There are 6 protein chains.
Amino acid sequence: MSYIPSKLLEQRLVQFLHEDIQYGDVTSELVPNVPVKAKVISKQEGILCGLKFVKILLKSLNVEVSTPFKDGEAIREGDEVLLLHGLSRPILVTERTILNLMMRLSGIATQTRNLVNKVHKSGQKMIIASTRKTTPGFRYFEKYAVKAGGGDPHRWNLSDTVLIKENHLKLLKEDAITTLLNQSKEVTSFSKKVDIEVENIAELKIALKFSPEIIMLDEFSINDIREAIEIVRTKSKQNPPLIEISGGITEQNIEDYFIPGVDIISVGALTHSVQALDFSMKICEVMPFREGEESIVD
Amino acid sequence: MSYIPSKLLEQRLVQFLHEDIQYGDVTSELVPNVPVKAKVISKQEGILCGLKFVKILLKSLNVEVSTPFKDGEAIREGDEVLLLHGLSRPILVTERTILNLMMRLSGIATQTRNLVNKVHKSGQKMIIASTRKTTPGFRYFEKYAVKAGGGDPHRWNLSDTVLIKENHLKLLKEDAITTLLNQSKEVTSFSKKVDIEVENIAELKIALKFSPEIIMLDEFSINDIREAIEIVRTKSKQNPPLIEISGGITEQNIEDYFIPGVDIISVGALTHSVQALDFSMKICEVMPFREGEESIVD
Amino acid sequence: MSYIPSKLLEQRLVQFLHEDIQYGDVTSELVPNVPVKAKVISKQEGILCGLKFVKILLKSLNVEVSTPFKDGEAIREGDEVLLLHGLSRPILVTERTILNLMMRLSGIATQTRNLVNKVHKSGQKMIIASTRKTTPGFRYFEKYAVKAGGGDPHRWNLSDTVLIKENHLKLLKEDAITTLLNQSKEVTSFSKKVDIEVENIAELKIALKFSPEIIMLDEFSINDIREAIEIVRTKSKQNPPLIEISGGITEQNIEDYFIPGVDIISVGALTHSVQALDFSMKICEVMPFREGEESIVD
Amino acid sequence: MSYIPSKLLEQRLVQFLHEDIQYGDVTSELVPNVPVKAKVISKQEGILCGLKFVKILLKSLNVEVSTPFKDGEAIREGDEVLLLHGLSRPILVTERTILNLMMRLSGIATQTRNLVNKVHKSGQKMIIASTRKTTPGFRYFEKYAVKAGGGDPHRWNLSDTVLIKENHLKLLKEDAITTLLNQSKEVTSFSKKVDIEVENIAELKIALKFSPEIIMLDEFSINDIREAIEIVRTKSKQNPPLIEISGGITEQNIEDYFIPGVDIISVGALTHSVQALDFSMKICEVMPFREGEESIVD
Amino acid sequence: MSYIPSKLLEQRLVQFLHEDIQYGDVTSELVPNVPVKAKVISKQEGILCGLKFVKILLKSLNVEVSTPFKDGEAIREGDEVLLLHGLSRPILVTERTILNLMMRLSGIATQTRNLVNKVHKSGQKMIIASTRKTTPGFRYFEKYAVKAGGGDPHRWNLSDTVLIKENHLKLLKEDAITTLLNQSKEVTSFSKKVDIEVENIAELKIALKFSPEIIMLDEFSINDIREAIEIVRTKSKQNPPLIEISGGITEQNIEDYFIPGVDIISVGALTHSVQALDFSMKICEVMPFREGEESIVD
Amino acid sequence: MSYIPSKLLEQRLVQFLHEDIQYGDVTSELVPNVPVKAKVISKQEGILCGLKFVKILLKSLNVEVSTPFKDGEAIREGDEVLLLHGLSRPILVTERTILNLMMRLSGIATQTRNLVNKVHKSGQKMIIASTRKTTPGFRYFEKYAVKAGGGDPHRWNLSDTVLIKENHLKLLKEDAITTLLNQSKEVTSFSKKVDIEVENIAELKIALKFSPEIIMLDEFSINDIREAIEIVRTKSKQNPPLIEISGGITEQNIEDYFIPGVDIISVGALTHSVQALDFSMKICEVMPFREGEESIVD
């Protein structure tokens with residue numbers, strides 16, 4: 001995954017915790033603040049994700065964390081994915097935030113890996129990509145989980161890659177469209193790729209004239225995809241665009257779309273309809289205070 | 001829903017937009033910034049939610065919004081749920097943020113309404129409640145959608161309602177538990193309710209001694225729930241607690257849990273595993289500039 | 001007090017410090033930045049409060065803190081309540097922020113404890129509660145001090161507990177009031193208590209029909225309070241509401257209100273008219289640098 | 001008062017409102033959101049302060065405000081200080097925040113004016129100044145109230161004016177003190193004044209050698225103040241410093257300190273021990289919707 | 001320029017204003033707050049930039065702005081570039097912030113346009129690009145000015161475009177470099193371009209094997225650039241990379257680098273060493289209050 | 001420099017880093033995250049500045065920093081000004097932010113020192129001062145560099161020092177000017193200095209009547225400056241104001257302005273037109289992991 005130092009993520013994770021704590025945990029104040037060991041246990045098999053964030057958050061509350069796993073690894077039901085050692089109150093108040101992060105992100109990683117595995121089994125090389133259909137305010141984490149599952153994050157936001165869609169072209173008279181597409185390479189920074197979405201074969205033929213780096217075939221039928229690939233092969237021998245397909249592709253029908261020549265399959269459901277993976281946290285043992293630990297009880 | 005003035009939500013919604021825009025939309029700059037009409041169309045039937053937020057965001061960008069619907073109303077496939085009139089670029093850059101809000105929140109409202117309807121059909125009066133298993137940073141919006149679907153938001157955070165669970169009791173020697181439960185009413189503000197989670201009938205009997213306002217039966221079997229209700233009826237004639245059940249309840253099996261005496265059924269999946277409702281936005285017409293509108297093009 | 005990890009308070013405390021430092025202390029730059037010992041000394045007797053926050057702030061600037069006291073303990077004039085060891089400049093720039101926190105919070109704790117002690121001496125069990133009449137932006141800290149003094153924080157904000165007051169009822173025609181009160185239990189989350197404020201005995205009788213968890217007698221005379229309690233005893237044998245009294249109660253006249261049957265006495269002046277407790281900070285000794293300390297001078 | 005555009009205060013005032021609203025007002029949702037007139041009424045005489053802020057906040061929620069008063073004007077018990085016209089829910093949710101602002105700030109302005117009036121009556125010209133003993137996070141507002149009461153805000157923070165105190169000098173060997181004071185004018189920006197605090201006559205004599213713009217006599221007796229003024233008159237004929245006195249001065253004894261030659265009397269209690277002025281808000285009338293108003297109900 | 005709605009820029013611009021206002025303008029409070037007309041006048045010829053931001057800021061303070069110019073247009077000494085009509089105090093307090101924005105951004109736009117004009121005059125088509133050598137916290141505005149001057153913003157940050165430099169390769173043993181470069185296309189999202197920086201002809205030959213979209217020749221001599229272009233022409237007939245040159249190129253020597261085959265010339269000095277363009281603001285006329293204007297004086 | 005604890009600067013520096021990292025470094029993820037040594041090397045002679053900030057930022061990412069220099073010291077071309085030891089990825093992602101800070105701040109410090117040295121060589125004692133012509137959002141850092149170069153930061157913002165300029169006086173009728181100037185001392189806090197800007201000798205004579213602490217001669221000719229100083233000497237024997245000159249003063253002509261009696265020379269170009277000093281960072285050696293270091297790789 002693109003590298004970010006923990007320091008830049010910590011504040012955001014602490015805000016997630018704040019959302020759950022507000023003016024304090026009215027239950028934890030009833031119990032003693034003593035050293036404990038606790039475990040996070042997987043209740044389902046799947047692909048684990050979220051460790052990176054959970055570790056940053058727990059460390060910031062002086063809870064020690066260890067784990068035999070890495071983000072993106074497969075886990076089975078019953079696996080002890082996280083071992084915690086720290087004071088009881090910090091552990092109790094972060095429990096829900098930690099589990100919420102892991103449940104959602106592991107759900108996304110698992111769903112992504114399922115599709116990636118189908119590609120591998122088919123012997124093809126298509127990239128499984130996510131979209132911008134993410135939960136507001138949580139996109140970074142969801143795209144991280146897509147990557148952990150073996151997928152491609154695709155455009156992170158509207159500053160990334162030019163993507164010309166139907167709604168853009170509707171703003172223009174027919175002859176203006178050519179002008180727009182001609183200018184797209186000129187106006188756009190040389191550092192960006194250009195992606196043109198087409199709705200049918202006729203639009204594809206027009207798009208090809210402008211040498212975009214990527215062409216997205218939007219809700220094309222299987223047959224139309226095959227025809228489109230043939231056309232691209234013929235017309236763009238030098239410097240052919242990447243072919244992305246999108247729309248109506250589900251875990252059930254995806255294998256129908258493993259058509260040679262397709263480079264990228266983008267699937268909105270990876271992030272917009274997530275089945276969470278289930279985890280639970282158990283405090284397993286009250287421990288004696290370690291040297292100096294008593295003084296940091298807060 | 002608990003009332004919040006728009007002013008307090010606007011900044012947060014603008015941050016959601018910022019997540020998608022970053023340093024600018026590199027595609028919109030290629031097209032003219034002209035007045036247009038656009039529509040958001042439902043691609044599935046369900047319960048609509050998110051209008052409140054979408055309106056605040058669009059108004060803050062000077063886009064006029066109208067809609068024949070309210071949050072919580074049923075929609076059918078093809079319904080035009082939102083009509084927009086404004087400049088093309090602000091509409092293009094908010095498209096994804098708006099749809100992401102509506103897709104996720106309508107998904108939650110739809111799922112909640114399904115369960116609420118099942119209760120109604122059964123002639124019972126159980127409350128369908130959500131949990132704190134929400135997306136980090138997005139809880140307010142998700143609980144809003146639960147309410148729009150007819151559910152109860154339940155605890156918003158750890159400052160709301162005392163909820164004593166297994167992990168709390170594990171911190172205590174057996175005799176200390178009685179002390180804790182005795183003190184819970186004393187230490188806690190009189191303005192808060194106390195909820196005790198119990199794992200079995202034995203624990204239930206202990207919990208009843210402390211007159212909590214709510215008792216949560218965690219992962220009880222159908223039979224144990226019936227027995228628990230009988231015990232509560234007998235032992236707490238005066239001032240009986242509300243009975244909440246939780247754990248392993250799904251859309252498929254929920255009707256088995258419509259047991260008289262159960263007051264609340266809380267369902268984590270309402271927010272942790274959301275099936276988004278599908279919407280799309282179409283620009284339908286380029287309009288002439290209205291008086292003074294040209295001067296506010298930015 | 002409801003538990004919050006230090007990490008979640010640190011940023012806010014650092015902002016308080018920033019309010020006093022802005023673009024730098026133009027006086028401290030004139031003196032050397034050397035290790036010193038310093039003391040915070042109480043100049044009045046009272047109840048100490050604010051240590052929790054002061055420790056977090058000082059630690060974040062690498063100043064060591066020790067104290068023989070805890071928040072909520074009684075101190076006498078001349079007590080050395082805080083011993084500091086650290087570099088001179090961090091200590092000089094936090095002096096005022098630390099003292100401001102301690103002065104105001106100890107003032108609140110002291111005032112609260114005085115009232116709580118009067119209750120204890122009278123042999124009664126009334127709860128002394130604060131209100132929402134707090135300094136804007138500083139409520140968390142002021143309610144913390146109320147708790148340290150032995151009082152109850154009461155509602156933290158408008159999301160906590162439903163509280164129906166005169167201004168709400170004025171919005172309704174007379175027959176609508178019954179509807180409102182009937183619905184209050186239905187619309188409100190089961191996790192919240194309902195409190196109804198009444199202005200006179202007639203309103204009390206109406207309110208009792210709706211079984212609120214709490215009834216607040218607003219500016220009732222001593223006689224009316226006695227009558228009200230009698231009515232509640234008679235009419236609400238099962239499941240009687242808590243009785244809260246409010247309005248015109250001062251440190252001088254509070255003993256008149258120690259009427260059996262009153263559960264809560266809420267006093268706005270606890271936070272809106274605070275008499276600060278006086279403290280001062282003295283640098284007492286310049287120390288030699290300890291190993292490695294010189295390298296962290298900043 | 002130093003001028004700040006409303007735009008720069010609005011966000012901060014909205015945060016104060018957020019502190020009280022959190023995830024929504026659970027009571028207001030029970031009542032209709034209809035146009036009303038409401039009044040804020042003074043329950044005590046004093047100096048009014050806070051209107052500036054209250055207006056910004058209410059306008060940001062589309063509530064119209066009018067008032068016959070200005071910040072700093074005298075009011076009597078029963079005065080209608082604010083008339084509101086707007087929707088009922090925005091008015092209900094801002095009630096407490098508005099009153100908290102006005103109560104505290106009017107309390108400070110009233111206390112300040114009392115002292116200023118005593119100076120005027122005595123025929124003297126001393127400035128009554130506040131200190132940095134303010135509520136953390138609320139200093140701007142408290143200094144504004146001091147100014148509204150006729151006082152001087154004095155140093156806003158540690159970046160304002162050099163103020164050399166006992167704790168600074170304790171860091172230095174005796175001979176180093178001279179060096180420090182000599183350098184103070186050189187190191188400090190020419191745009192700042194230098195203020196030296198002295199504890200006794202001997203220190204005063206030393207301080208005078210360094211031509212500070214201000215000398216603060218800390219906890220001097222009446223006699224010592226007289227002697228100090230005489231010394232300053234003799235020794236600093238050209239370019240004499242302003243003389244500030246501080247410490248132990250209360251509303252009761254302040255007249256003893258009206259000694260010719262004293263320029264400034266600074267009083268910490270103005271902000272650290274505030275007696276709030278009492279106000280209440282009453283909804284007085286439900287109004288019909290005005291044209292277009294219905295559409296902005298949120 | 002990539003499109004951002006004003007709403008997303010306003011808060012940042014208001015923070016710039018806050019940096020200059022802090023707790024209020026102590027001079028403006030001395031003068032009346034009356035309607036005035038004011039002008040911003042150019043004191044030098046150059047390319048104007050910053051209007052977009054200045055307009056947003058002034059509108060947010062209710063000052064009307066008009067201008068005959070657009071960002072990126074040429075201005076002469078003495079041009080009245082901005083006409084303001086509003087209250088005197090808001091205009092006085094924004095004067096410095098506005099001028100600082102315009103001076104710096106117009107300086108960058110002017111410098112960029114000079115280089116772009118040189119390219120045009122030479123009959124070549126090289127892109128003049130900026131770098132990430134920008135003022136911390138101000139990059140968005142500086143890249144905006146580069147674009148206004150006719151330049152290309154290039155990489156906005158480390159998330160944009162993969163750029164493999166000497167420091168990356170130093171982390172690897174020689175054989176590992178091939179592996180890295182091979183993987184770069186696989187690990188990187190398909191939506192990003194890959195740019196490889198080379199220090200000499202030998203490295204260029206290696207880089208070409210990995211088909212990057214861009215190759216940057218770092219501090220190459222004129223001769224080496226010519227040789228490099230020849231090599232690229234020969235070796236990458238299909239799908240040749242863009243050629244970027246960088247290092248040691250100044251306004252003085254840039255014409256030497258107009259070598260056919262060079263696609264991009266990137267110049268750090270465009271943003272790291274800016275010569276500001278000079279502007280001044282003059283209040284020219286006190287105006288009568290317009291209808292309703294008096295009531296918004298704040 | 002006025003003292004600020006690192007804790008208060010860290011968050012701002014991390015935001016600068018965030019500006020460059022956004023959602024992650026897509027290049028660093030391609031290389032291993034291993035311990036390395038790296039150096040920052042000066043490519044030009046000048047005055048070093050920025051170390052203070054660079055150290056805080058690097059420490060917050062667990063990179064060890066050492067340097068033989070201090071801010072404000074002279075460096076030569078080729079000097080190794082910073083030695084880093086830490087993990088490769090944190091070093092790679094902070095490289096640009098660090099260099100941007102050092103380049104700009106050292107450029108300012110160098111330019112300032114050049115002017116200060118000219119004063120010293122001339123045997124005069126004028127203060128070289130900066131202005132408020134700084135980069136929006138970056139003023140604190142730029143004024144720090146001015147101080148490191150030996151200059152005076154002058155007014156930090158509009159809350160500092162009253163400065164009455166032409167635009168203020170234009171708001172007033174002629175007779176009102178006297179009133180304004182008379183009041184300036186009364187309305188302004190005693191803790192602030194008053195500075196009056198004058199455009200010619202006539203205005204100077206008027207200004208002197210009001211005993212400002214500072215008079216600024218704006219764009220005066222050399223002769224007029226001499227005349228002005230003579231007038232001040234004659235008219236203000238007791239308590240003469242500081243004389244500041246400003247406008248049209250450059251590195252080239254500054255020596256002409258070394259006129260005895262001038263106290264301050266303020267130069268806008270110090271911050272508005274900065275020539276950056278060039279630095280580069282080189283990774284020089286891959287190191288073995290140290291004990292425990294492997295576990296903090298993030």
# chains A, B, ... in the order shown; residues from 1 in each chain; ligands from 1
>>> interface_residues(of="chain A", to="chain F", cutoff="10 Å", atoms="only C-alpha atoms", output="PyMOL selection string")
chain A and resi 1-9+11+52+55-56+139-141+143-144+156
>>> residues_around(residues="Leu82 (chain C)", least_positions_apart="5", cutoff="12 Å", atoms="only C-alpha atoms", output="JSON, numbers by chain")
{"C": [37, 38, 39, 40, 41, 42, 48, 49, 50, 51, 52, 54, 55, 58, 63, 64, 65, 66, 67, 68, 69, 70, 71, 75, 95, 98, 99, 102, 279, 280, 281, 282, 283]}
>>> write_last_selection(atoms="C-alpha atoms", output="mmCIF file, in the first residue's frame")
data_model
loop_
_atom_site.group_PDB
_atom_site.id
_atom_site.type_symbol
_atom_site.label_atom_id
_atom_site.label_comp_id
_atom_site.auth_asym_id
_atom_site.auth_seq_id
_atom_site.Cartn_x
_atom_site.Cartn_y
_atom_site.Cartn_z
ATOM 1 C CA LYS C 37 12.152 22.322 40.680
ATOM 2 C CA ALA C 38 8.929 24.221 41.172
ATOM 3 C CA LYS C 39 5.920 23.962 43.466
ATOM 4 C CA VAL C 40 2.272 24.818 43.235
ATOM 5 C CA ILE C 41 1.050 25.981 46.626
ATOM 6 C CA SER C 42 -2.495 26.389 47.843
ATOM 7 C CA LEU C 48 -8.550 20.265 45.150
ATOM 8 C CA CYS C 49 -9.491 19.647 41.521
ATOM 9 C CA GLY C 50 -7.773 19.735 38.131
ATOM 10 C CA LEU C 51 -4.740 17.526 38.875
ATOM 11 C CA LYS C 52 -5.801 15.067 36.199
ATOM 12 C CA VAL C 54 -2.553 19.500 34.768
ATOM 13 C CA LYS C 55 -0.597 16.236 34.794
ATOM 14 C CA LEU C 58 2.851 18.918 31.919
ATOM 15 C CA VAL C 63 7.837 18.056 32.862
ATOM 16 C CA GLU C 64 7.716 15.490 35.677
ATOM 17 C CA VAL C 65 4.874 15.942 38.124
ATOM 18 C CA SER C 66 4.197 14.457 41.521
ATOM 19 C CA THR C 67 1.581 15.181 44.121
ATOM 20 C CA PRO C 68 0.451 13.709 47.430
ATOM 21 C CA PHE C 69 -3.179 14.536 46.528
ATOM 22 C CA LYS C 70 -5.997 13.315 44.318
ATOM 23 C CA ASP C 71 -8.778 15.305 42.700
ATOM 24 C CA ILE C 75 -6.430 20.795 51.104
ATOM 25 C CA GLU C 95 2.198 28.304 34.768
ATOM 26 C CA ILE C 98 -2.225 25.232 34.965
ATOM 27 C CA LEU C 99 -3.219 27.670 37.663
ATOM 28 C CA MET C 102 -6.836 24.440 39.138
ATOM 29 C CA PHE C 279 -2.933 28.872 44.046
ATOM 30 C CA SER C 280 0.504 30.132 43.124
ATOM 31 C CA MET C 281 3.544 28.582 41.484
ATOM 32 C CA LYS C 282 7.076 29.177 42.694
ATOM 33 C CA ILE C 283 10.313 28.096 41.057
#
>>> atom_distance(atom1="CA of Pro260 (chain D)", atom2="CA of Ile229 (chain D)")
8.5 Å
>>> select_by_dssp(residues="region 63-271 of chain E", states="alpha helix (DSSP H)", output="count of residues only")
88
>>> residues_around(residues="Met287 (chain C)", least_positions_apart="3", cutoff="8 Å", atoms="only C-alpha atoms", output="number ranges by chain")
C: 34-37
>>> residues_around(residues="His272 (chain E)", least_positions_apart="2", cutoff="8 Å", atoms="only C-alpha atoms", output="VMD selection string")
(chain E and resid 133 to 135 268 to 270 274) or (chain F and resid 100 103 to 104 274 to 276)
>>> residues_around(residues="Glu203 (chain B)", least_positions_apart="6", cutoff="10 Å", atoms="only C-alpha atoms", output="number ranges by chain")
B: 196-197, 217
>>> write_last_selection(atoms="N, CA and C atoms", output="PDB file, in the first residue's frame")
ATOM      1  N   ILE B 196     -27.928  -4.241  32.192  1.00  0.00           N
ATOM      2  CA  ILE B 196     -26.999  -5.332  32.532  1.00  0.00           C
ATOM      3  C   ILE B 196     -27.163  -6.450  31.501  1.00  0.00           C
ATOM      4  N   GLU B 197     -26.030  -6.844  30.918  1.00  0.00           N
ATOM      5  CA  GLU B 197     -26.042  -7.950  29.963  1.00  0.00           C
ATOM      6  C   GLU B 197     -25.832  -9.252  30.717  1.00  0.00           C
ATOM      7  N   LEU B 217     -30.438  -9.986  27.295  1.00  0.00           N
ATOM      8  CA  LEU B 217     -30.188 -11.423  27.246  1.00  0.00           C
ATOM      9  C   LEU B 217     -29.302 -11.687  26.035  1.00  0.00           C
TER      10      LEU B 217
END
>>> atom_distance(atom1="CA of Lys205 (chain C)", atom2="CA of Asp224 (chain C)")
12.7 Å
>>> residues_around(residues="Ala145 (chain F)", least_positions_apart="6", cutoff="9 Å", atoms="only C-alpha atoms", output="list in words")
Cys49, Gly50, Asp71, Gly72, Arg104, Leu105, Ser106, Gly107, Ile108, Ala109, Thr110, Thr112, Gly151 and Pro153 of chain F
>>> write_last_selection(atoms="N, CA and C atoms", output="PDB file, in the first residue's frame")
ATOM      1  N   CYS F  49      18.760  28.093   8.565  1.00  0.00           N
ATOM      2  CA  CYS F  49      17.573  28.260   9.406  1.00  0.00           C
ATOM      3  C   CYS F  49      16.544  27.167   9.107  1.00  0.00           C
ATOM      4  N   GLY F  50      15.823  26.751  10.148  1.00  0.00           N
ATOM      5  CA  GLY F  50      14.801  25.731   9.979  1.00  0.00           C
ATOM      6  C   GLY F  50      15.077  24.465  10.767  1.00  0.00           C
ATOM      7  N   ASP F  71      20.320  27.163  14.301  1.00  0.00           N
ATOM      8  CA  ASP F  71      19.653  28.159  13.465  1.00  0.00           C
ATOM      9  C   ASP F  71      20.331  29.510  13.636  1.00  0.00           C
ATOM     10  N   GLY F  72      20.656  30.142  12.527  1.00  0.00           N
ATOM     11  CA  GLY F  72      21.272  31.459  12.573  1.00  0.00           C
ATOM     12  C   GLY F  72      22.768  31.417  12.331  1.00  0.00           C
ATOM     13  N   ARG F 104      13.577  27.737   2.192  1.00  0.00           N
ATOM     14  CA  ARG F 104      12.914  29.035   2.294  1.00  0.00           C
ATOM     15  C   ARG F 104      13.398  29.822   3.523  1.00  0.00           C
ATOM     16  N   LEU F 105      13.478  29.135   4.662  1.00  0.00           N
ATOM     17  CA  LEU F 105      13.843  29.849   5.885  1.00  0.00           C
ATOM     18  C   LEU F 105      15.313  30.284   5.857  1.00  0.00           C
ATOM     19  N   SER F 106      16.174  29.440   5.314  1.00  0.00           N
ATOM     20  CA  SER F 106      17.576  29.848   5.220  1.00  0.00           C
ATOM     21  C   SER F 106      17.717  30.996   4.231  1.00  0.00           C
ATOM     22  N   GLY F 107      16.905  30.994   3.197  1.00  0.00           N
ATOM     23  CA  GLY F 107      16.919  32.113   2.250  1.00  0.00           C
ATOM     24  C   GLY F 107      16.576  33.417   2.948  1.00  0.00           C
ATOM     25  N   ILE F 108      15.558  33.388   3.790  1.00  0.00           N
ATOM     26  CA  ILE F 108      15.169  34.606   4.514  1.00  0.00           C
ATOM     27  C   ILE F 108      16.250  35.028   5.506  1.00  0.00           C
ATOM     28  N   ALA F 109      16.780  34.040   6.243  1.00  0.00           N
ATOM     29  CA  ALA F 109      17.804  34.361   7.244  1.00  0.00           C
ATOM     30  C   ALA F 109      19.042  34.952   6.565  1.00  0.00           C
ATOM     31  N   THR F 110      19.391  34.428   5.426  1.00  0.00           N
ATOM     32  CA  THR F 110      20.581  34.899   4.702  1.00  0.00           C
ATOM     33  C   THR F 110      20.390  36.339   4.235  1.00  0.00           C
ATOM     34  N   THR F 112      18.340  38.548   5.434  1.00  0.00           N
ATOM     35  CA  THR F 112      18.293  39.430   6.596  1.00  0.00           C
ATOM     36  C   THR F 112      19.703  39.717   7.113  1.00  0.00           C
ATOM     37  N   GLY F 151      17.321  40.026  12.432  1.00  0.00           N
ATOM     38  CA  GLY F 151      16.339  41.093  12.258  1.00  0.00           C
ATOM     39  C   GLY F 151      15.298  41.105  13.359  1.00  0.00           C
ATOM     40  N   PRO F 153      11.207  40.963  14.244  1.00  0.00           N
ATOM     41  CA  PRO F 153       9.972  40.501  13.569  1.00  0.00           C
ATOM     42  C   PRO F 153       8.953  41.635  13.339  1.00  0.00           C
TER      43      PRO F 153
END
>>> closest_residue(among="C:Lys235, C:Leu158, C:Val187, C:Asp175", to="Leu204 (chain C)", atoms="only C-alpha atoms")
C:Lys235
>>> atom_distance(atom1="CA of Ala176 (chain C)", atom2="CA of Pro240 (chain C)")
24.7 Å
>>> select_by_dssp(residues="region 41-111 of chain F", states="strand (DSSP E)", output="ChimeraX atom specification")
/F:41-42,46-47,64-66,74-75,80-87
>>> residues_around(residues="Ser246 (chain F)", least_positions_apart="2", cutoff="8 Å", atoms="only C-alpha atoms", output="PyMOL selection string")
chain F and resi 216-220+244+248-249+265-267
>>> closest_residue(among="A:Ile243, A:Ile164, A:Arg226, A:Phe138", to="Phe190 (chain E)", atoms="only C-alpha atoms")
A:Ile243
